[in-house]
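Dropping entry_15.txt in here (compact mmCIF, C-alpha atoms and all ligand atoms):
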# COMPACT_ATOMS: atom_id res chain seq x y z
CA THR D 1 0.00 0.00 0.00
CA LEU D 2 1.06 3.60 -0.66
CA THR D 3 0.61 6.55 1.70
CA GLU D 4 2.13 10.03 2.01
CA SER D 5 4.83 10.33 4.64
CA THR D 6 3.44 12.36 7.53
CA THR D 7 6.31 12.19 9.98
CA GLY D 8 10.00 12.90 9.95
CA THR D 9 12.05 14.96 7.57
CA GLN D 10 12.05 12.46 4.70
CA GLN D 11 9.13 13.51 2.49
CA GLY D 12 7.64 11.25 -0.17
CA THR D 13 5.51 8.24 -0.77
CA VAL D 14 5.75 5.46 1.79
CA VAL D 15 5.57 1.91 0.48
CA ASP D 16 4.11 -0.15 3.29
CA GLY D 17 4.39 -3.90 3.57
CA PRO D 18 4.46 -6.70 6.14
CA ALA D 19 5.00 -5.68 9.76
CA LEU D 20 8.35 -7.50 9.73
CA TRP D 21 11.18 -4.98 9.27
CA SER D 22 13.86 -6.98 7.51
CA ALA D 23 17.56 -6.93 8.35
CA GLN D 24 20.14 -5.01 6.29
CA ALA D 25 17.55 -4.18 3.61
CA GLN D 26 16.72 -1.03 1.65
CA MET D 27 13.06 -1.69 2.38
CA PRO D 28 11.28 -0.18 -0.67
CA SER D 29 13.57 -2.18 -2.98
CA ILE D 30 12.64 -5.56 -1.47
CA LEU D 31 8.89 -5.18 -0.96
CA GLY D 32 6.93 -7.11 -3.54
CA ARG D 33 9.94 -9.29 -4.34
CA GLN D 34 10.75 -10.91 -1.01
CA LEU D 35 11.78 -14.54 -1.15
CA VAL D 36 9.61 -16.04 1.55
CA ILE D 37 10.98 -19.44 2.49
CA GLU D 38 8.43 -21.85 3.87
CA ARG D 39 10.07 -25.22 3.93
CA GLY D 40 13.47 -26.88 3.75
CA GLU D 41 14.65 -30.36 2.91
CA GLY D 42 18.33 -31.26 3.05
CA SER D 43 20.20 -28.87 0.78
CA TYR D 44 17.03 -27.37 -0.72
CA ILE D 45 14.60 -24.71 0.38
CA PHE D 46 11.10 -24.01 -0.94
CA THR D 47 9.45 -20.61 -1.38
CA ALA D 48 5.85 -19.86 -0.46
CA GLU D 49 4.98 -20.28 -4.18
CA GLY D 50 6.56 -23.73 -4.13
CA ARG D 51 9.79 -22.92 -5.99
CA ARG D 52 12.66 -25.25 -5.09
CA LEU D 53 16.07 -23.60 -4.59
CA PHE D 54 19.49 -25.15 -3.98
CA ASP D 55 20.74 -23.52 -0.78
CA GLY D 56 24.28 -22.88 -1.96
CA THR D 57 25.05 -20.58 0.97
CA ALA D 58 23.54 -22.81 3.69
CA GLY D 59 21.41 -19.79 4.62
CA LEU D 60 23.78 -17.38 6.35
CA TRP D 61 26.55 -20.04 6.46
CA HIS D 62 24.67 -21.97 9.11
CA ALA D 63 22.70 -24.97 7.76
CA ASN D 64 25.71 -27.29 7.68
CA VAL D 65 23.78 -30.56 8.14
CA GLY D 66 21.03 -29.37 5.77
CA HIS D 67 17.50 -28.26 6.54
CA SER D 68 14.68 -29.93 8.47
CA HIS D 69 16.80 -32.77 9.85
CA PRO D 70 14.46 -35.09 11.76
CA GLU D 71 17.00 -35.97 14.46
CA LEU D 72 17.56 -32.34 15.37
CA ALA D 73 13.83 -31.65 15.36
CA GLN D 74 13.26 -34.66 17.60
CA ALA D 75 15.99 -33.51 20.01
CA ALA D 76 14.24 -30.15 20.40
CA TYR D 77 10.83 -31.75 20.89
CA ASP D 78 12.06 -34.28 23.44
CA GLN D 79 13.92 -31.64 25.41
CA MET D 80 10.99 -29.21 25.47
CA LEU D 81 8.67 -31.90 26.80
CA LYS D 82 11.17 -32.56 29.59
CA LEU D 83 12.40 -29.04 30.32
CA GLU D 84 12.44 -26.12 27.92
CA THR D 85 15.29 -24.50 29.82
CA TYR D 86 16.57 -23.39 33.16
CA HIS D 87 18.97 -20.52 33.53
CA VAL D 88 22.64 -20.86 34.41
CA PHE D 89 22.92 -17.92 36.79
CA GLN D 90 24.79 -18.38 40.07
CA ARG D 91 24.35 -21.92 41.45
CA TYR D 92 21.68 -22.89 38.91
CA ALA D 93 22.46 -24.76 35.73
CA ASN D 94 20.77 -27.31 33.50
CA ASP D 95 22.08 -30.73 32.54
CA ARG D 96 22.11 -30.08 28.80
CA ALA D 97 24.19 -26.91 29.06
CA ILE D 98 26.72 -28.77 31.22
CA GLU D 99 26.83 -31.67 28.75
CA LEU D 100 27.30 -29.32 25.79
CA GLY D 101 30.14 -27.56 27.62
CA GLU D 102 31.96 -30.92 27.91
CA ARG D 103 31.35 -31.73 24.25
CA LEU D 104 32.72 -28.37 23.15
CA ALA D 105 35.76 -28.60 25.43
CA ALA D 106 36.56 -32.01 23.90
CA ILE D 107 36.83 -30.65 20.34
CA SER D 108 38.09 -27.17 21.20
CA PRO D 109 41.37 -25.89 19.74
CA ILE D 110 42.04 -24.58 23.26
CA GLU D 111 43.32 -27.08 25.85
CA ARG D 112 41.21 -27.26 29.04
CA ALA D 113 38.76 -24.74 27.63
CA LYS D 114 35.72 -23.43 29.48
CA ALA D 115 32.64 -22.59 27.45
CA ILE D 116 30.46 -19.52 27.95
CA LEU D 117 27.16 -20.05 26.14
CA ASN D 118 24.75 -17.49 24.76
CA SER D 119 22.47 -16.83 21.81
CA GLY D 120 24.58 -16.20 18.71
CA GLY D 121 27.72 -14.82 17.15
CA SER D 122 27.17 -11.13 17.91
CA ASP D 123 26.59 -12.09 21.53
CA ALA D 124 29.76 -14.14 21.55
CA ILE D 125 31.84 -11.21 20.31
CA ASP D 126 30.43 -8.92 23.00
CA VAL D 127 31.33 -11.46 25.68
CA ALA D 128 34.84 -12.06 24.34
CA CYS D 129 35.62 -8.33 24.18
CA LYS D 130 34.20 -7.74 27.66
CA LEU D 131 36.18 -10.63 29.08
CA ALA D 132 39.36 -9.36 27.42
CA ARG D 133 38.96 -6.01 29.12
CA ARG D 134 37.94 -7.65 32.39
CA HIS D 135 41.08 -9.78 32.25
CA TRP D 136 43.44 -6.81 32.04
CA GLN D 137 41.56 -4.88 34.72
CA ARG D 138 41.96 -7.82 37.06
CA GLU D 139 45.64 -8.06 36.19
CA GLY D 140 46.02 -4.43 37.27
CA ARG D 141 46.70 -3.37 33.69
CA GLY D 142 43.46 -1.52 33.03
CA SER D 143 45.06 0.67 30.38
CA LYS D 144 44.90 -2.33 28.03
CA GLN D 145 41.47 -1.58 26.55
CA ILE D 146 41.75 -1.23 22.80
CA ILE D 147 40.33 -4.04 20.68
CA LEU D 148 42.17 -4.42 17.38
CA SER D 149 40.40 -5.95 14.38
CA ARG D 150 41.16 -6.33 10.71
CA GLU D 151 40.13 -4.34 7.68
CA HIS D 152 37.11 -5.96 5.94
CA SER D 153 36.29 -7.99 9.06
CA TYR D 154 32.74 -8.78 10.19
CA HIS D 155 31.89 -9.69 13.78
CA GLY D 156 28.11 -9.31 13.98
CA LEU D 157 26.09 -6.26 14.87
CA HIS D 158 25.85 -5.95 18.63
CA ALA D 159 27.65 -2.96 20.09
CA TYR D 160 31.12 -4.50 19.99
CA GLY D 161 30.70 -6.17 16.61
CA THR D 162 29.36 -2.97 15.07
CA SER D 163 32.28 -1.04 16.53
CA ILE D 164 35.16 -3.33 15.66
CA ALA D 165 34.05 -4.37 12.16
CA GLY D 166 36.32 -3.46 9.30
CA LEU D 167 33.24 -2.80 7.15
CA ASP D 168 32.54 0.88 7.78
CA PHE D 169 29.05 0.91 6.28
CA ASN D 170 27.67 -0.90 9.33
CA ARG D 171 28.36 2.18 11.44
CA GLU D 172 26.60 4.50 8.99
CA GLY D 173 24.41 7.03 10.75
CA MET D 174 25.21 5.79 14.26
CA GLY D 175 26.83 9.10 15.12
CA THR D 176 30.34 7.99 16.01
CA ASP D 177 33.15 5.82 14.71
CA SER D 178 32.59 3.28 17.44
CA LEU D 179 29.70 2.49 19.78
CA VAL D 180 32.13 1.32 22.45
CA PRO D 181 35.34 3.06 23.43
CA GLU D 182 38.73 2.12 22.10
CA THR D 183 38.81 0.16 18.89
CA ALA D 184 41.28 0.26 16.00
CA ARG D 185 41.77 -1.46 12.66
CA VAL D 186 44.83 -3.30 11.37
CA SER D 187 45.86 -4.46 7.92
CA PHE D 188 44.05 -7.57 6.79
CA ASP D 189 46.95 -9.21 4.97
CA ASP D 190 50.24 -7.51 5.86
CA ILE D 191 51.72 -8.63 9.17
CA ALA D 192 54.49 -6.01 9.08
CA GLN D 193 51.82 -3.32 8.98
CA VAL D 194 49.97 -4.95 11.87
CA GLU D 195 53.15 -4.78 13.90
CA ALA D 196 53.62 -1.12 12.97
CA THR D 197 50.06 -0.37 14.15
CA ILE D 198 50.67 -2.15 17.46
CA LEU D 199 53.89 -0.21 17.99
CA SER D 200 52.29 3.12 17.16
CA ILE D 201 49.31 2.56 19.51
CA GLY D 202 51.45 0.94 22.19
CA ALA D 203 50.81 -2.56 23.52
CA GLU D 204 50.08 -1.14 26.98
CA SER D 205 46.81 0.18 25.53
CA ILE D 206 45.78 -2.95 23.62
CA ALA D 207 43.58 -5.64 25.17
CA ALA D 208 43.04 -8.04 22.29
CA ILE D 209 43.19 -8.64 18.61
CA VAL D 210 40.17 -10.26 16.95
CA SER D 211 40.34 -12.11 13.65
CA GLU D 212 38.25 -14.38 11.52
CA PRO D 213 40.56 -17.15 10.27
CA ILE D 214 38.94 -16.85 6.85
CA GLN D 215 37.03 -13.61 6.38
CA GLY D 216 33.47 -14.39 5.40
CA THR D 217 31.25 -11.37 4.88
CA GLY D 218 34.30 -9.33 3.85
CA GLY D 219 34.40 -11.40 0.65
CA VAL D 220 35.57 -14.96 1.49
CA ASN D 221 39.22 -14.05 2.06
CA PRO D 222 41.47 -16.91 3.17
CA PRO D 223 44.45 -15.71 5.21
CA ALA D 224 47.58 -14.60 3.37
CA PRO D 225 50.30 -17.23 3.95
CA GLY D 226 51.78 -16.75 7.43
CA TYR D 227 49.32 -14.00 8.40
CA LEU D 228 47.46 -15.83 11.18
CA GLU D 229 50.68 -17.32 12.53
CA GLY D 230 52.11 -13.79 12.49
CA LEU D 231 49.13 -12.46 14.45
CA GLN D 232 49.65 -15.16 17.04
CA ARG D 233 53.35 -14.34 17.32
CA LEU D 234 52.65 -10.61 17.70
CA ALA D 235 49.94 -11.29 20.27
CA ARG D 236 52.39 -13.32 22.34
CA GLU D 237 55.31 -10.92 21.97
CA HIS D 238 53.21 -7.91 22.98
CA ASP D 239 51.01 -9.62 25.58
CA ILE D 240 47.81 -9.05 23.63
CA LEU D 241 44.97 -11.57 23.77
CA LEU D 242 44.18 -13.42 20.54
CA ILE D 243 40.46 -13.89 19.86
CA VAL D 244 39.68 -16.07 16.84
CA ASP D 245 36.15 -15.55 15.52
CA GLU D 246 35.04 -18.96 14.27
CA VAL D 247 31.36 -18.11 13.89
CA ILE D 248 31.51 -19.22 10.24
CA THR D 249 34.51 -21.54 10.29
CA GLY D 250 33.69 -23.56 13.42
CA PHE D 251 32.21 -27.06 13.43
CA GLY D 252 33.75 -28.49 10.30
CA ARG D 253 33.50 -25.82 7.63
CA THR D 254 37.26 -25.98 6.95
CA GLY D 255 37.70 -29.74 7.23
CA GLU D 256 38.69 -29.58 10.91
CA TRP D 257 36.41 -28.96 13.88
CA PHE D 258 37.86 -25.45 14.00
CA ALA D 259 39.94 -23.45 11.54
CA SER D 260 42.33 -22.73 14.42
CA GLN D 261 43.32 -26.39 14.16
CA ARG D 262 43.79 -26.13 10.42
CA TYR D 263 46.09 -23.14 10.80
CA GLY D 264 47.84 -24.35 13.97
CA LEU D 265 46.53 -21.56 16.22
CA GLU D 266 46.26 -21.57 20.01
CA PRO D 267 43.89 -18.68 20.69
CA ASP D 268 43.02 -17.24 24.08
CA MET D 269 39.35 -17.20 23.09
CA VAL D 270 37.33 -18.68 20.24
CA THR D 271 33.90 -17.29 19.40
CA PHE D 272 31.39 -19.61 17.76
CA ALA D 273 27.68 -19.77 16.75
CA LYS D 274 25.91 -20.88 13.53
CA GLY D 275 27.37 -24.38 12.92
CA VAL D 276 27.17 -25.37 16.60
CA THR D 277 23.46 -26.07 16.04
CA SER D 278 23.50 -25.87 12.23
CA GLY D 279 21.04 -23.05 12.88
CA TYR D 280 18.36 -25.22 14.49
CA ALA D 281 18.44 -23.12 17.64
CA PRO D 282 19.91 -19.69 18.39
CA LEU D 283 23.12 -20.54 20.21
CA GLY D 284 26.64 -19.17 20.29
CA GLY D 285 29.41 -18.79 22.76
CA VAL D 286 33.04 -18.40 23.64
CA LEU D 287 35.70 -20.99 24.37
CA VAL D 288 38.06 -19.59 26.97
CA ALA D 289 41.67 -20.57 27.75
CA PRO D 290 42.88 -21.37 31.29
CA ARG D 291 44.95 -18.20 31.39
CA LEU D 292 41.67 -16.30 31.37
CA TRP D 293 39.35 -18.50 33.41
CA GLU D 294 41.63 -19.82 36.16
CA PRO D 295 41.79 -16.53 38.11
CA PHE D 296 37.98 -16.62 38.32
CA TYR D 297 38.08 -20.14 39.77
CA VAL D 298 40.61 -19.59 42.59
CA ASP D 299 39.26 -20.91 45.88
CA ASP D 300 39.27 -17.63 47.75
CA ALA D 301 36.54 -15.28 48.96
CA ALA D 302 38.24 -12.43 47.12
CA THR D 303 38.07 -14.18 43.75
CA PRO D 304 36.23 -11.91 41.29
CA ILE D 305 33.05 -12.61 39.33
CA PHE D 306 32.77 -12.21 35.58
CA ARG D 307 29.62 -10.06 35.53
CA HIS D 308 27.96 -11.37 32.44
CA GLY D 309 24.94 -13.55 31.68
CA ALA D 310 21.59 -13.65 29.93
CA THR D 311 18.34 -15.50 30.44
CA TYR D 312 19.01 -17.72 27.44
CA ALA D 313 22.70 -18.36 28.17
CA GLY D 314 22.98 -22.14 28.18
CA HIS D 315 19.40 -22.60 26.96
CA ALA D 316 18.62 -26.28 27.51
CA THR D 317 16.73 -26.85 24.27
CA ALA D 318 19.37 -25.05 22.22
CA ALA D 319 22.02 -27.15 23.95
CA ALA D 320 20.12 -30.38 23.28
CA VAL D 321 19.89 -29.45 19.61
CA ALA D 322 23.62 -28.64 19.51
CA ILE D 323 24.45 -32.04 21.02
CA ALA D 324 22.28 -33.80 18.42
CA ASN D 325 23.95 -31.73 15.68
CA LEU D 326 27.44 -32.71 16.88
CA ASP D 327 26.29 -36.35 16.97
CA VAL D 328 25.13 -36.15 13.35
CA ILE D 329 28.35 -34.45 12.17
CA GLU D 330 30.45 -37.12 13.92
CA ARG D 331 28.40 -40.13 12.93
CA ASP D 332 28.06 -39.10 9.29
CA GLY D 333 31.74 -38.23 8.96
CA LEU D 334 30.95 -34.72 7.77
CA VAL D 335 34.24 -33.13 8.85
CA PRO D 336 36.39 -35.41 6.64
CA ARG D 337 33.72 -35.13 3.94
CA VAL D 338 34.30 -31.37 3.87
CA ARG D 339 37.93 -32.03 2.89
CA GLU D 340 36.70 -33.90 -0.20
CA LEU D 341 34.15 -31.21 -1.00
CA GLU D 342 36.88 -28.57 -0.75
CA GLN D 343 38.78 -30.35 -3.54
CA VAL D 344 35.70 -30.56 -5.75
CA LEU D 345 34.87 -26.89 -5.22
CA ARG D 346 38.46 -25.85 -5.92
CA ARG D 347 38.58 -27.88 -9.13
CA GLU D 348 35.28 -26.42 -10.36
CA LEU D 349 36.12 -22.82 -9.50
CA ASP D 350 39.60 -23.03 -11.03
CA ALA D 351 38.03 -24.36 -14.22
CA LEU D 352 35.41 -21.58 -14.13
CA GLN D 353 38.12 -18.93 -13.86
CA GLN D 354 39.96 -20.47 -16.83
CA ARG D 355 36.81 -20.37 -18.96
CA SER D 356 35.24 -17.08 -17.95
CA GLU D 357 36.75 -13.68 -18.63
CA ALA D 358 34.18 -12.14 -16.33
CA VAL D 359 35.72 -13.96 -13.34
CA VAL D 360 38.76 -12.09 -12.01
CA ASP D 361 39.51 -14.22 -8.95
CA VAL D 362 38.33 -17.35 -7.15
CA ARG D 363 39.14 -18.27 -3.56
CA VAL D 364 38.55 -21.57 -1.75
CA ALA D 365 39.41 -22.55 1.83
CA GLY D 366 37.51 -25.45 3.29
CA PHE D 367 34.02 -25.73 1.85
CA LEU D 368 33.92 -21.96 1.42
CA GLY D 369 34.26 -20.33 -1.95
CA GLY D 370 34.31 -16.80 -3.30
CA ILE D 371 34.09 -15.71 -6.94
CA SER D 372 35.12 -12.13 -7.69
CA LEU D 373 33.57 -10.66 -10.82
CA ASP D 374 34.87 -8.17 -13.32
CA GLU D 375 33.72 -4.62 -12.53
CA ARG D 376 31.41 -4.57 -15.56
CA LEU D 377 29.22 -7.11 -13.79
CA ASP D 378 27.08 -6.41 -10.74
CA ASN D 379 27.28 -9.30 -8.26
CA ALA D 380 23.82 -8.50 -6.86
CA ARG D 381 22.30 -8.91 -10.32
CA VAL D 382 24.22 -12.12 -10.97
CA SER D 383 23.03 -13.44 -7.64
CA ASP D 384 19.41 -12.56 -8.49
CA ARG D 385 19.83 -14.31 -11.84
CA ALA D 386 21.18 -17.42 -10.10
CA VAL D 387 18.10 -17.45 -7.88
CA GLU D 388 15.93 -17.36 -11.02
CA LEU D 389 17.86 -20.44 -12.16
CA GLY D 390 17.14 -22.12 -8.82
CA PHE D 391 20.46 -21.61 -6.99
CA ILE D 392 21.20 -19.40 -3.97
CA THR D 393 24.44 -17.45 -3.87
CA ARG D 394 25.00 -14.13 -2.09
CA PRO D 395 26.70 -10.90 -3.13
CA LEU D 396 29.52 -9.88 -0.77
CA ARG D 397 32.10 -7.10 -0.61
CA GLY D 398 34.60 -7.01 -3.47
CA ASN D 399 32.04 -7.85 -6.19
CA THR D 400 32.16 -11.37 -4.77
CA LEU D 401 29.69 -14.25 -4.82
CA GLN D 402 29.53 -16.52 -1.77
CA LEU D 403 29.48 -20.32 -2.11
CA SER D 404 29.11 -22.31 1.12
CA PRO D 405 26.69 -25.20 0.65
CA PRO D 406 25.65 -27.63 3.38
CA PHE D 407 28.13 -30.47 4.04
CA ILE D 408 25.65 -33.11 2.83
CA VAL D 409 25.73 -32.24 -0.87
CA SER D 410 27.04 -34.66 -3.51
CA ASP D 411 30.02 -33.91 -5.75
CA GLN D 412 27.58 -33.61 -8.66
CA GLU D 413 25.55 -30.96 -6.82
CA VAL D 414 28.71 -28.86 -6.46
CA VAL D 415 29.36 -29.24 -10.20
CA ASP D 416 25.76 -28.25 -11.03
CA TYR D 417 25.90 -25.30 -8.65
CA VAL D 418 29.03 -23.83 -10.21
CA ALA D 419 27.57 -24.45 -13.70
CA ALA D 420 24.43 -22.51 -12.74
CA ILE D 421 26.49 -19.61 -11.43
CA GLU D 422 28.48 -19.64 -14.65
CA GLN D 423 25.25 -19.45 -16.62
CA ALA D 424 24.08 -16.52 -14.48
CA ILE D 425 27.41 -14.75 -15.07
CA THR D 426 27.26 -15.38 -18.81
CA GLU D 427 23.69 -14.11 -19.05
CA GLU D 428 24.56 -10.91 -17.16
CA ALA D 429 27.86 -10.26 -18.99
N1 LIG K 501 31.22 -13.23 13.50
C1 LIG K 501 31.29 -13.65 12.24
C2 LIG K 501 32.62 -14.01 11.66
C3 LIG K 501 30.14 -13.75 11.47
O1 LIG K 501 30.21 -14.14 10.18
C4 LIG K 501 28.90 -13.44 12.05
C5 LIG K 501 27.64 -13.56 11.27
O2 LIG K 501 27.65 -13.76 10.08
C6 LIG K 501 28.87 -13.00 13.38
C7 LIG K 501 30.05 -12.91 14.08
C8 LIG K 501 27.58 -12.64 14.02
O3 LIG K 501 26.84 -13.76 14.28
P1 LIG K 501 25.25 -13.65 14.50
O4 LIG K 501 24.68 -13.17 13.21
O5 LIG K 501 24.85 -15.03 14.91
O6 LIG K 501 25.03 -12.68 15.62
Show this structure as structure tokens.
Ligand code: PLP
Amino acid sequence: TLTESTTGTQQGTVVDGPALWSAQAQMPSILGRQLVIERGEGSYIFTAEGRRLFDGTAGLWHANVGHSHPELAQAAYDQMLKLETYHVFQRYANDRAIELGERLAAISPIERAKAILNSGGSDAIDVACKLARRHWQREGRGSKQIILSREHSYHGLHAYGTSIAGLDFNREGMGTDSLVPETARVSFDDIAQVEATILSIGAESIAAIVSEPIQGTGGVNPPAPGYLEGLQRLAREHDILLIVDEVITGFGRTGEWFASQRYGLEPDMVTFAKGVTSGYAPLGGVLVAPRLWEPFYVDDAATPIFRHGATYAGHATAAAVAIANLDVIERDGLVPRVRELEQVLRRELDALQQRSEAVVDVRVAGFLGGISLDERLDNARVSDRAVELGFITRPLRGNTLQLSPPFIVSDQEVVDYVAAIEQAITEEA
């Protein structure tokens, strides 16, 4: 429906639509053409009109075991009939949150890790940044407050994630450079420049450095050779905490449980979300190294409290779903399967780049792919065309298309997916 704007300074015709205000959308441009997804089945989703689409991005990189998995649905149902949840404040806990903590510690890249649970990746980043600052306060080094992050990085959209992201547009119109005090950006591929930034700020002011192992939203950017190892070395040399954001890469996406294992990292904290439940329940969290948690566990009345928590931290049904998801990934051998799928995707994308002049770069790390298009093409239009052909891909920074299918696809489905994207590119060129 159309009405005249009666409020605010923006005059013009208002296009009204459903009461749901969508995320990250220029609203008038999506109304009337929303893709309303009603049903999922394995690697496919179905629109309200009954169109079947190959979910080549696994939603927002989350549906790793595919959609509508009966075992995960059953786990949620069984748990809710028994106990929907009970909070984990003070001396209360619930059995499923405790069990999930053990499961996560067992596969964590951090030895003897503790797990803080919450509702998603943005949450996890807020907790990790707060704990980093809390750590240095407790150590009597409260001047260490700055959180460093990389150019092009994405860490969700809570206050910390919005502030530390290397994608400036997410701070547009918020009034300041940063919603929280003390953040700074470092080079995303040049470790010598990172060191120069640390030296110019001064390590005595820096709490932590946060990095995705493979940048996702920033355009599917695998690390430059030696970059992550260099970050770890600098963090150690300058006594800066290393936070690895594995919200996309965790739980098998790179052919290991965590990308930290693939790249030989020993972070102080690992943030996770998405793949922990394959998206079947909103759950995220932080794996924490002994260096950080032990001081909060000292048997002494003066031992401090980490003042953080939320009603849904350690939600029992979300935890039960996560446990079922980990069971499926283990039983079906999906982590080693990702290593095979990585090879197939690499082969197909390399061949695509050879054939297509419109493709200027392809990047693969784990079962994550990015295709960068020539500037004459618009990745949003190519992505829309691919949807018309029945295949989901997503436009990202750097005129890139995202490819990150569920782990359950066949080799042939990867081949067909890349062929469909090639067709979309050719038709738009
Ligand atoms: N960190 C990274 C690396 C992400 O890719 C995302 C989401 O895409 C987040 C954090 C935020 O996670 P969520 O959307 O679950 O809050």
Using all atoms listed in the file, which residues have at least one atom no more than 7 Å from ligand LIG 501 (chain K)? Output them as a PDB file with C-alpha atoms, in the frame of the given file.
ATOM      1  CA  LEU D  60      23.780 -17.380   6.350  1.00  0.00           C
ATOM      2  CA  GLY D 120      24.580 -16.200  18.710  1.00  0.00           C
ATOM      3  CA  GLY D 121      27.720 -14.820  17.150  1.00  0.00           C
ATOM      4  CA  SER D 122      27.170 -11.130  17.910  1.00  0.00           C
ATOM      5  CA  ASP D 123      26.590 -12.090  21.530  1.00  0.00           C
ATOM      6  CA  ILE D 125      31.840 -11.210  20.310  1.00  0.00           C
ATOM      7  CA  TYR D 154      32.740  -8.780  10.190  1.00  0.00           C
ATOM      8  CA  HIS D 155      31.890  -9.690  13.780  1.00  0.00           C
ATOM      9  CA  GLY D 156      28.110  -9.310  13.980  1.00  0.00           C
ATOM     10  CA  LEU D 157      26.090  -6.260  14.870  1.00  0.00           C
ATOM     11  CA  GLU D 212      38.250 -14.380  11.520  1.00  0.00           C
ATOM     12  CA  GLN D 215      37.030 -13.610   6.380  1.00  0.00           C
ATOM     13  CA  GLY D 216      33.470 -14.390   5.400  1.00  0.00           C
ATOM     14  CA  THR D 217      31.250 -11.370   4.880  1.00  0.00           C
ATOM     15  CA  ASP D 245      36.150 -15.550  15.520  1.00  0.00           C
ATOM     16  CA  GLU D 246      35.040 -18.960  14.270  1.00  0.00           C
ATOM     17  CA  VAL D 247      31.360 -18.110  13.890  1.00  0.00           C
ATOM     18  CA  ILE D 248      31.510 -19.220  10.240  1.00  0.00           C
ATOM     19  CA  ALA D 273      27.680 -19.770  16.750  1.00  0.00           C
ATOM     20  CA  LYS D 274      25.910 -20.880  13.530  1.00  0.00           C
TER      21      LYS D 274
END
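For the atom pair formed by atom CA of Ala419 of chain D and atom CA of Thr393 of chain D, the distance is 12.5 Å, given to one decimal.
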Check your understanding: Using only C-alpha atoms, which residue out of D:Tyr160, D:Tyr92, D:Trp257, D:Phe188 lies closest to Gly230 of chain D?
Key ->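 So, comparing all the options, the nearest one is D:Phe188.
As for atom CA of Pro70 of chain D and atom CA of Gln412 of chain D, they are spaced 24.3 Å apart.
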Per residue of segment 12-107 of chain D within 9 Å of segment 305-326 of chain D, what are the shortest atom pair and its distance in Å to one decimal, counting all atoms listed in the file, with rows by chain and residue number, as a Markdown table?
| residue | atom | partner | partner_atom | distance |
| --- | --- | --- | --- | --- |
| D:Val65 | CA | D:Asn325 | CA | 7.6 |
| D:Glu71 | CA | D:Ala324 | CA | 6.9 |
| D:Leu72 | CA | D:Val321 | CA | 5.6 |
| D:Ala73 | CA | D:Val321 | CA | 7.7 |
| D:Gln74 | CA | D:Val321 | CA | 8.7 |
| D:Ala75 | CA | D:Val321 | CA | 5.6 |
| D:Ala76 | CA | D:Thr317 | CA | 5.7 |
| D:Tyr77 | CA | D:Thr317 | CA | 8.4 |
| D:Asp78 | CA | D:Thr317 | CA | 8.8 |
| D:Gln79 | CA | D:Thr317 | CA | 5.7 |
| D:Met80 | CA | D:Thr317 | CA | 6.3 |
| D:Leu83 | CA | D:Ala316 | CA | 7.4 |
| D:Glu84 | CA | D:Thr317 | CA | 5.7 |
| D:Thr85 | CA | D:Ala316 | CA | 4.4 |
| D:Tyr86 | CA | D:Ala316 | CA | 6.7 |
| D:His87 | CA | D:Thr311 | CA | 5.9 |
| D:Val88 | CA | D:Gly314 | CA | 6.4 |
| D:Phe89 | CA | D:Gly309 | CA | 7.0 |
| D:Ala93 | CA | D:Gly314 | CA | 8.0 |
| D:Asn94 | CA | D:Ala316 | CA | 6.4 |
| D:Asp95 | CA | D:Ala316 | CA | 7.6 |
| D:Arg96 | CA | D:Ala316 | CA | 5.3 |
| D:Ala97 | CA | D:Gly314 | CA | 5.0 |
| D:Ile98 | CA | D:Gly314 | CA | 8.2 |
| D:Glu99 | CA | D:Ile323 | CA | 8.1 |
| D:Leu100 | CA | D:Ala319 | CA | 6.0 |
| D:Gly101 | CA | D:Ala319 | CA | 8.9 |
| D:Arg103 | CA | D:Ile323 | CA | 7.6 |
Practice item. Give me the residues within 10 Å of Phe367 of chain D as a list of chain:residue names, counting all atoms listed in the file and dropping any in the same chain fewer than 4 places off. Key: D:Thr249, D:Gly252, D:Arg253, D:Thr254, D:Gly255, D:Arg337, D:Val338, D:Arg339, D:Glu340, D:Leu341, D:Glu342, D:Gln343, D:Val344, D:Leu345, D:Arg346, D:Leu403, D:Ser404, D:Pro405, D:Pro406, D:Phe407
Exercise for review: Provide the atom CA of Arg331 of chain D to atom CA of Leu117 of chain D distance in Å, to one decimal place.
Suggested key: 24.1 Å
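Residue nearest Phe272 of chain D, chosen from D:Pro290, D:Pro109, D:Gly8, D:Gly17 and counting all atoms listed in the file: D:Pro109.
Considering only C-alpha atoms, the residue among D:Asp300, D:Ala351, D:Gly56, D:Gln261 positioned nearest to Ser383 of chain D is D:Gly56.
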Neighbours of Leu228 of chain D within 8 Å (all atoms listed in the file; same-chain residues fewer than 5 positions away dropped), as a PDB file with C-alpha atoms, in the coordinates of the input?
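Output saved as part06.pdb:
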ATOM      1  CA  PRO D 213      40.560 -17.150  10.270  1.00  0.00           C
ATOM      2  CA  PRO D 223      44.450 -15.710   5.210  1.00  0.00           C
ATOM      3  CA  TYR D 263      46.090 -23.140  10.800  1.00  0.00           C
ATOM      4  CA  LEU D 265      46.530 -21.560  16.220  1.00  0.00           C
TER       5      LEU D 265
END
Review point. Looking at only C-alpha atoms, which of D:Glu294, D:Glu111, D:Asp411, D:Glu388 is the one that sits closest to Glu266 of chain D?
Key: D:Glu111
**Study point:** Contacts of segment 357-365 of chain D at 9 Å (only C-alpha atoms; same-chain gap of 4+ positions) as a VMD selection string
**Key:** chain D and resid 214 220 to 222 253 to 254 342 to 343 345 to 346 349 to 350 352 to 353 369 to 377 400 425 to 426 429
Check your understanding: With all atoms listed in the file as the basis for distance, which of D:His158, D:Gly173, D:Asp384, D:Glu151 is at the shortest distance from Arg33 of chain D?
Key -> D:Asp384
